[in-house]
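Each remark here refers to the structure printed beneath this line.
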Amino acid sequence: MGCRADRECGQDLLAAYDLAARCCTEFDEIASGFDVIVTPSAPGEAPSGVGADSPVMNQIWTLLHAPCVNLPAMRSPAGMPLGLTLTGPRFSDRRLLARAILLDQAFVAAAEA
């Protein structure tokens, strides 16, 4: 029974890895048509104190092997950072960093205005 269960678990794991690989190529195709993909970094504002909140909004980028940059884009009414995640297809790191610099400069200028 243990061997059968291990084999079944192994087949499920293999199927999950295969699905993740297909998702990587699908996302690359979708994202290649955009300068960056912008999503929230977290479900809400940053928690007060030291530490991070839930990684739920960024786990997908790890699975897809997609480069991402998190920017503190704005502030909540309580003054806590609200972050945006910029991402793109695999191996677009340099392009993504260049776009992140431009967006960060725009956010800083808007905050100072």
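Identifiers in this document derive from the order of the structure tokens: chains are assigned A, B, ..., residues are numbered from 1 separately in each chain, and ligands are numbered from 1 in order of occurrence.
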If you count only C-alpha atoms, which residues fall within 8 Å of A:Ala42, apart from same-chain ones fewer than 4 positions away, as a VMD selection string? chain A and resid 46 53 to 58 82 to 84
Those same residues, written as a tab-separated table (two decimals), in the first residue's frame with C-alpha atoms?
chain	number	residue	atom	x	y	z
A	46	ALA	CA	1.71	47.26	5.09
A	53	ASP	CA	2.10	40.40	5.86
A	54	SER	CA	0.87	37.52	3.70
A	55	PRO	CA	2.90	36.53	0.62
A	56	VAL	CA	-0.29	35.42	-1.14
A	57	MET	CA	-0.08	38.10	-3.85
A	58	ASN	CA	3.46	37.16	-4.87
A	82	LEU	CA	0.71	50.41	-0.43
A	83	GLY	CA	2.90	48.42	-2.76
A	84	LEU	CA	2.68	47.48	-6.39
Output as a PyMOL selection string all residues of chain A that backbone DSSP marks as helix (DSSP H, G or I). chain A and resi 2-31+59-63+93-112
Using only C-alpha atoms, which residues of stretch 25-89 of chain A come within 12 Å of stretch 14-20 of chain A, and what is the closest atom pair for each, with the distance in Å to one decimal? Give it as a tab-separated table, sorted by chain and residue number.
residue	atom	partner	partner_atom	distance
A:Thr25	CA	A:Ala20	CA	9.0
A:Glu26	CA	A:Ala20	CA	9.8
A:Phe27	CA	A:Ala20	CA	10.3
A:Ile60	CA	A:Ala20	CA	9.9
A:Trp61	CA	A:Ala20	CA	11.1
A:Thr62	CA	A:Ala20	CA	10.6
A:Leu63	CA	A:Ala20	CA	6.9
A:Leu64	CA	A:Ala20	CA	6.9
A:His65	CA	A:Ala20	CA	9.7
Can you write just those residues out, C-alpha atoms, as an mmCIF file, in the first residue's frame?
data_model
loop_
_atom_site.group_PDB
_atom_site.id
_atom_site.type_symbol
_atom_site.label_atom_id
_atom_site.label_comp_id
_atom_site.auth_asym_id
_atom_site.auth_seq_id
_atom_site.Cartn_x
_atom_site.Cartn_y
_atom_site.Cartn_z
ATOM 1 C CA THR A 25 5.089 29.549 -21.135
ATOM 2 C CA GLU A 26 1.495 30.820 -21.229
ATOM 3 C CA PHE A 27 2.369 33.727 -18.949
ATOM 4 C CA ILE A 60 2.375 33.117 -8.343
ATOM 5 C CA TRP A 61 5.482 34.953 -9.591
ATOM 6 C CA THR A 62 7.710 32.463 -7.787
ATOM 7 C CA LEU A 63 5.832 29.562 -9.364
ATOM 8 C CA LEU A 64 6.109 31.158 -12.824
ATOM 9 C CA HIS A 65 9.822 32.016 -12.390
#
Can you list, as a list in words, all residues belonging to stretch 4-113 of chain A that DSSP tags as strand (DSSP E)?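 Output for stretch 4-113 of chain A, strand (DSSP E) only: Ile37, Val38, Thr39, Pro40, Cys68, Val69, Asn70, Leu71, Pro72, Ala73, Met74, Arg75, Pro81, Leu82, Gly83, Leu84, Thr85, Leu86 and Thr87 of chain A.
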Write out, as JSON lines, each residue of stretch 25-69 of chain A that has an atom at most 9 Å from stretch 99-102 of chain A, together with the closest pair of atoms and their distance in Å to one decimal, counting only C-alpha atoms, rows going by chain and rising number.
{"residue": "A:Asp35", "atom": "CA", "partner": "A:Arg99", "partner_atom": "CA", "distance": 7.4}
{"residue": "A:Val36", "atom": "CA", "partner": "A:Arg99", "partner_atom": "CA", "distance": 7.4}
{"residue": "A:Val69", "atom": "CA", "partner": "A:Ala100", "partner_atom": "CA", "distance": 7.0}
Pick from A:Met74, A:Val38, A:Ala31, A:Ala21: nearest to A:Ala109, with only C-alpha atoms counted?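 With only C-alpha atoms as the atom set, the closest residue is A:Met74.
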Would you work out the distance separating atom CA of A:Cys68 from atom CA of A:Ile30, expressed in Å to one decimal?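 Calculated distance between atom CA of A:Cys68 and atom CA of A:Ile30 is 15.5 Å.
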Excluding same-chain residues fewer than 6 positions from A:Gln105, what lies within 12 Å of it counting only C-alpha atoms, as number ranges by chain? A: 71-73, 98-99, 111-112
Identify which of the residues A:Asn70, A:Met80, A:Arg22, A:Glu29 lies closest to A:Gly44, counting only C-alpha atoms when measuring atom-to-atom distances.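 Once distances to A:Gly44 are computed over only C-alpha atoms, the minimum belongs to A:Met80.
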Can you tell me how far atom CA of A:Ala66 sits from atom CA of A:Asp93, in Å to one decimal?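 It comes out at 8.6 Å.
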